[in-house]
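Here is model-v7.txt, consisting of compact mmCIF, C-alpha atoms:
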```
# COMPACT_ATOMS: atom_id res chain seq x y z
CA MET E 204 -5.04 -12.64 89.75
CA ASN E 205 -4.38 -14.23 86.42
CA LEU E 206 -7.84 -14.75 85.11
CA ARG E 207 -8.35 -11.52 84.10
CA GLN E 208 -4.63 -11.78 84.65
CA PHE E 209 -4.83 -14.27 82.31
CA TYR E 210 -4.31 -15.52 83.99
CA ILE E 211 -4.51 -14.74 80.42
CA LEU E 212 -5.93 -17.19 78.11
CA VAL E 213 -7.16 -14.27 76.15
CA ALA E 214 -8.83 -16.40 73.52
CA VAL E 215 -11.26 -18.00 75.91
CA ALA E 216 -11.94 -14.65 77.54
CA PHE E 217 -14.15 -13.97 74.53
CA ILE E 218 -16.57 -16.64 75.77
CA ILE E 219 -16.71 -15.56 79.42
CA PRO E 220 -19.10 -12.61 78.89
CA ILE E 221 -21.79 -14.89 77.44
CA LEU E 222 -21.77 -17.52 80.17
CA SER E 223 -24.18 -17.64 83.07
CA SER E 224 -22.40 -20.14 85.28
CA CYS E 225 -19.02 -20.68 86.94
CA PHE E 226 -15.56 -21.04 85.50
CA GLN E 227 -12.12 -21.61 87.00
CA VAL E 228 -8.77 -19.97 86.39
CA VAL E 229 -5.62 -21.71 87.59
CA GLU E 230 -2.10 -20.27 87.71
CA GLU E 231 0.72 -22.73 88.36
CA ILE E 232 4.36 -21.71 88.81
CA THR E 233 7.14 -24.25 89.34
CA MET E 234 10.33 -22.67 90.73
CA ARG E 235 13.72 -24.34 90.64
CA ASN E 236 16.46 -23.42 93.11
CA ASP E 237 18.56 -21.84 90.34
CA GLY E 238 15.81 -19.28 89.63
CA THR E 239 14.47 -20.84 86.43
CA GLY E 240 10.99 -22.30 86.22
CA ASP E 241 7.78 -23.05 84.39
CA VAL E 242 4.31 -21.54 84.22
CA MET E 243 0.99 -23.08 83.27
CA LEU E 244 -2.13 -20.96 83.00
CA THR E 245 -5.50 -22.66 82.61
CA ILE E 246 -9.05 -21.49 82.13
CA ASN E 247 -11.60 -24.23 82.72
CA LEU E 248 -15.19 -23.92 81.57
CA SER E 249 -15.94 -27.65 81.82
CA GLN E 250 -18.63 -27.19 84.47
CA SER E 251 -20.54 -25.20 81.86
CA LYS E 252 -19.59 -27.26 78.81
CA THR E 253 -23.15 -28.22 77.85
CA LYS E 254 -24.27 -24.60 77.97
CA VAL E 255 -21.13 -23.40 76.17
CA ALA E 256 -21.62 -25.98 73.41
CA SER E 257 -25.16 -24.72 72.88
CA ILE E 258 -24.03 -21.11 72.84
CA MET E 259 -21.33 -21.87 70.27
CA LEU E 260 -24.08 -22.80 67.79
CA LEU E 261 -25.50 -19.25 67.93
CA ASP E 262 -24.40 -16.02 66.27
CA SER E 263 -24.90 -13.84 69.34
CA VAL E 264 -26.20 -14.01 72.91
CA GLN E 265 -27.33 -11.10 75.11
CA GLY E 266 -25.83 -8.67 72.63
CA TYR E 267 -22.43 -10.41 72.55
CA LYS E 268 -20.96 -11.83 69.36
CA VAL E 269 -20.32 -15.54 69.85
CA PRO E 270 -16.77 -16.35 68.68
CA SER E 271 -16.11 -19.36 66.51
CA LYS E 272 -13.69 -22.07 67.61
CA GLN E 273 -11.37 -20.79 64.89
CA LYS E 274 -11.50 -17.27 66.36
CA ILE E 275 -10.78 -18.55 69.87
CA GLN E 276 -7.86 -20.63 68.59
CA LYS E 277 -6.53 -17.63 66.66
CA GLU E 278 -6.50 -15.46 69.78
CA LEU E 279 -4.82 -18.20 71.77
CA ASN E 280 -2.17 -18.55 69.06
CA GLU E 281 -1.58 -14.79 69.08
CA ALA E 282 -1.03 -14.84 72.84
CA ALA E 283 1.48 -17.67 72.37
CA ALA E 284 3.23 -15.76 69.57
CA TYR E 285 3.65 -12.76 71.88
CA LEU E 286 5.15 -14.98 74.58
CA ARG E 287 7.65 -16.48 72.13
CA LYS E 288 8.98 -12.98 71.45
CA SER E 289 9.25 -12.09 75.16
CA GLU E 290 12.63 -11.88 76.85
CA GLY E 291 13.62 -14.95 78.85
CA ILE E 292 10.58 -16.98 77.75
CA THR E 293 10.97 -20.36 76.02
CA ASN E 294 9.11 -23.63 75.38
CA VAL E 295 5.73 -21.97 74.79
CA LYS E 296 2.87 -24.43 74.31
CA THR E 297 -0.90 -24.17 74.11
CA THR E 298 -3.75 -26.64 74.36
CA SER E 299 -7.43 -26.20 73.57
CA ASP E 300 -10.05 -28.81 74.39
CA PHE E 301 -13.33 -27.87 72.70
CA ASN E 302 -15.11 -30.91 74.12
CA ASN E 303 -14.66 -29.83 77.72
CA TYR E 304 -13.80 -26.17 77.03
CA ILE E 305 -10.45 -26.08 78.76
CA ALA E 306 -7.53 -24.04 77.43
CA THR E 307 -3.95 -23.70 78.63
CA ILE E 308 -0.80 -21.74 77.92
CA SER E 309 2.48 -23.00 79.34
CA PHE E 310 6.06 -21.75 79.07
CA SER E 311 9.45 -21.72 80.79
CA PHE E 312 11.35 -18.70 82.11
CA LYS E 313 15.01 -17.93 82.83
CA ASP E 314 14.08 -15.71 85.78
CA VAL E 315 10.69 -15.30 87.40
CA SER E 316 10.87 -11.55 86.77
CA ASN E 317 10.51 -12.38 83.07
CA ILE E 318 6.79 -13.02 83.61
CA ASN E 319 6.07 -9.62 85.16
CA ASN E 320 3.61 -7.60 83.08
CA ILE E 321 3.27 -10.34 80.44
CA THR E 322 -0.44 -10.83 81.08
CA LYS E 323 -1.10 -7.11 81.19
CA ASN E 324 0.59 -6.70 77.82
CA ILE E 325 -1.29 -9.63 76.27
CA LEU E 326 -4.59 -8.21 77.46
CA ALA E 327 -3.64 -4.77 76.17
CA GLN E 328 -3.05 -6.24 72.72
CA GLN E 329 -6.63 -7.49 72.78
CA LYS E 330 -7.90 -4.11 74.11
CA ILE E 331 -8.89 -5.68 77.42
CA LYS E 332 -8.18 -3.67 80.56
CA ALA E 333 -6.11 -5.39 83.24
CA THR E 334 -7.85 -5.46 86.61
CA ASN E 335 -4.76 -5.97 88.74
CA THR E 336 -0.99 -5.94 88.72
CA SER E 337 1.31 -8.67 89.95
CA SER E 338 5.09 -8.83 90.17
CA TYR E 339 7.23 -11.81 91.09
CA THR E 340 10.75 -12.06 92.51
CA TYR E 341 12.99 -14.90 93.64
CA ASN E 342 16.15 -14.38 95.68
CA LYS E 343 18.47 -17.33 95.09
CA THR E 344 20.68 -16.40 98.04
CA THR E 345 17.93 -16.24 100.65
CA LYS E 346 15.67 -18.68 98.74
CA THR E 347 12.70 -16.36 99.06
CA PHE E 348 9.87 -16.30 96.51
CA SER E 349 7.59 -13.26 96.50
CA ARG E 350 4.46 -12.20 94.72
CA LYS E 351 3.24 -8.63 95.09
CA TYR E 352 -0.36 -8.13 94.06
CA GLN E 353 -2.34 -4.93 93.76
CA ALA E 354 -5.92 -4.65 92.57
CA VAL E 355 -6.72 -1.81 90.20
CA ALA E 356 -9.21 0.52 91.87
CA SER E 357 -11.38 0.67 88.76
CA ALA E 358 -12.08 -3.09 88.79
CA LYS E 359 -15.07 -2.83 91.14
CA THR E 360 -16.31 0.30 89.34
CA GLU E 361 -16.24 -1.49 85.99
CA TYR E 362 -17.98 -4.51 87.51
CA ASN E 363 -20.76 -2.32 88.89
CA LYS E 364 -21.42 -0.98 85.38
CA LEU E 365 -22.37 -4.44 84.16
CA LYS E 366 -25.95 -5.54 83.74
CA SER E 367 -27.23 -7.96 86.38
CA LYS E 368 -27.23 -10.89 83.94
CA ASP E 369 -23.59 -10.16 83.10
CA LYS E 370 -22.59 -9.86 86.76
CA ALA E 371 -24.00 -13.35 87.31
CA VAL E 372 -21.15 -14.73 85.19
CA PHE E 373 -18.78 -14.23 88.12
CA ASN E 374 -20.91 -16.02 90.71
CA GLY E 375 -19.07 -19.19 91.63
CA ALA E 376 -16.03 -18.32 89.52
CA MET E 377 -12.79 -19.32 91.23
CA TYR E 378 -9.12 -18.39 90.97
CA THR E 379 -6.40 -20.77 92.17
CA SER E 380 -2.65 -20.19 92.39
CA ILE E 381 -0.25 -23.08 92.94
CA TYR E 382 3.47 -22.56 93.53
CA ARG E 383 5.80 -25.57 93.52
CA PHE E 384 9.41 -25.69 94.73
CA GLU E 385 12.39 -28.04 94.85
CA SER E 386 13.06 -27.21 98.52
CA PRO E 387 10.62 -27.47 101.44
CA VAL E 388 8.66 -24.36 102.38
CA ILE E 389 9.41 -22.99 105.85
CA SER E 390 6.85 -20.19 105.97
CA THR E 391 4.32 -18.13 104.01
CA THR E 392 3.01 -14.67 104.81
CA ASN E 393 -0.48 -15.07 103.34
CA SER E 394 -2.74 -16.71 105.90
CA ALA E 395 -5.17 -17.83 103.17
CA SER E 396 -2.56 -20.06 101.54
CA ASN E 397 -2.24 -23.78 102.24
CA LEU E 398 0.91 -25.89 102.37
CA SER E 399 0.95 -29.36 100.78
CA LYS E 400 1.84 -32.48 102.76
CA SER E 401 5.19 -32.60 100.97
CA LYS E 402 5.83 -29.00 102.09
CA LYS E 403 6.97 -28.26 98.56
CA ALA E 404 3.82 -26.62 97.19
CA VAL E 405 1.67 -23.69 98.27
CA MET E 406 -1.93 -23.25 97.09
CA LEU E 407 -4.28 -20.31 97.45
CA LYS E 408 -7.91 -20.32 96.29
CA ALA E 409 -10.14 -17.27 96.05
CA SER E 410 -13.47 -16.41 94.53
CA VAL E 411 -13.32 -13.99 91.64
CA MET E 412 -15.91 -11.85 93.42
CA ASP E 413 -13.65 -11.47 96.46
CA LEU E 414 -10.86 -10.32 94.16
CA ILE E 415 -13.14 -7.86 92.38
CA ASN E 416 -14.36 -6.46 95.69
CA GLY E 417 -10.89 -6.30 97.22
CA LYS E 418 -11.79 -8.70 100.01
CA ILE E 419 -8.68 -10.81 99.50
CA ASN E 420 -5.11 -10.06 98.57
CA VAL E 421 -3.09 -12.83 96.94
CA SER E 422 0.30 -11.30 97.73
CA ASN E 423 2.63 -13.81 99.37
CA GLN E 424 6.22 -14.20 100.50
CA ILE E 425 7.36 -17.79 100.67
CA GLN E 426 10.52 -18.74 102.50
CA LEU E 427 12.23 -21.96 101.43
CA SER E 428 14.57 -24.14 103.42
CA LYS E 429 18.24 -23.35 102.84
```

Would you put the structure from the file into structure tokens?
Amino acid sequence: MNLRQFYILVAVAFIIPILSSCFQVVEEITMRNDGTGDVMLTINLSQSKTKVASIMLLDSVQGYKVPSKQKIQKELNEAAAYLRKSEGITNVKTTSDFNNYIATISFSFKDVSNINNITKNILAQQKIKATNTSSYTYNKTTKTFSRKYQAVASAKTEYNKLKSKDKAVFNGAMYTSIYRFESPVISTTNSASNLSKSKKAVMLKASVMDLINGKINVSNQIQLSK
């Protein structure tokens, strides 16, 4: 999952521990038939924007240091700088909306395997432990897109160490993955995923709590029309 996999907007992750209401993380991957593509990762705190705006006026909340907008932007810029140095990654862009508290990172890749471990490495730079691993492949011959996901066993253990008021942050939090293709989708292996009317996009939504507790696996193999 790219929340924590993101997935991913490390800068905004500094605000998450001091919230007490829901947030959304969205991962979008657009695959072209030649194996190249684009990624957009979004963290959306707009449902809590009034509360976040109030919190941003304080020095600390519940023992957490409240980051300034400049600090958040700096961390976002550092994540973008790392991406620009990554093999096969181009066209890196970021946006930060401090009125609605929405941040994005987007970039293009030469091969979908270029994005493997990127989030984990970005989080490691910020001394944040990754809570899952994901790897992506695309076979141009068979036109098969795959995502292999594995939760880290310590994720639930670390969650259980949190204070009740900190656990509440994750109530209502959602993760969404959207995969778009040039060719129609014939089949998907994850029963929780939904196919668009155009048959060229696959969406999967999951609560962050289900991911933490291992109740859902976002692995998927998507077969495209040849």

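The closest residue to Asn423 of chain E, picked from E:Tyr382, E:Phe373, E:Phe312, E:Tyr362 and counting all atoms listed in the file, is E:Tyr382.
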
Practice prompt. Determine the nearest neighbour of Asp314 of chain E from the options E:Gln426, E:Ser399, E:Asn342, E:Asn420, counting only C-alpha atoms.
Written response: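 Closest to Asp314 of chain E of all the choices is E:Asn342.
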
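What separates atom CA of Gln273 of chain E from atom CA of Thr298 of chain E is a distance of 13.5 Å.
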
Practice prompt. Mind checking which residues fall within 9 Å of Asn393 of chain E, counting all atoms listed in the file, ignoring those fewer than 5 positions away in the same chain, and posting them as a list in words?
Written response: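 The neighbour list is Leu407, Asn420, Val421, Ser422, Asn423, Gln424 and Ile425 of chain E.
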
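The spacing separating atom CA of Asp300 of chain E from atom CA of Leu244 of chain E amounts to 14.1 Å.
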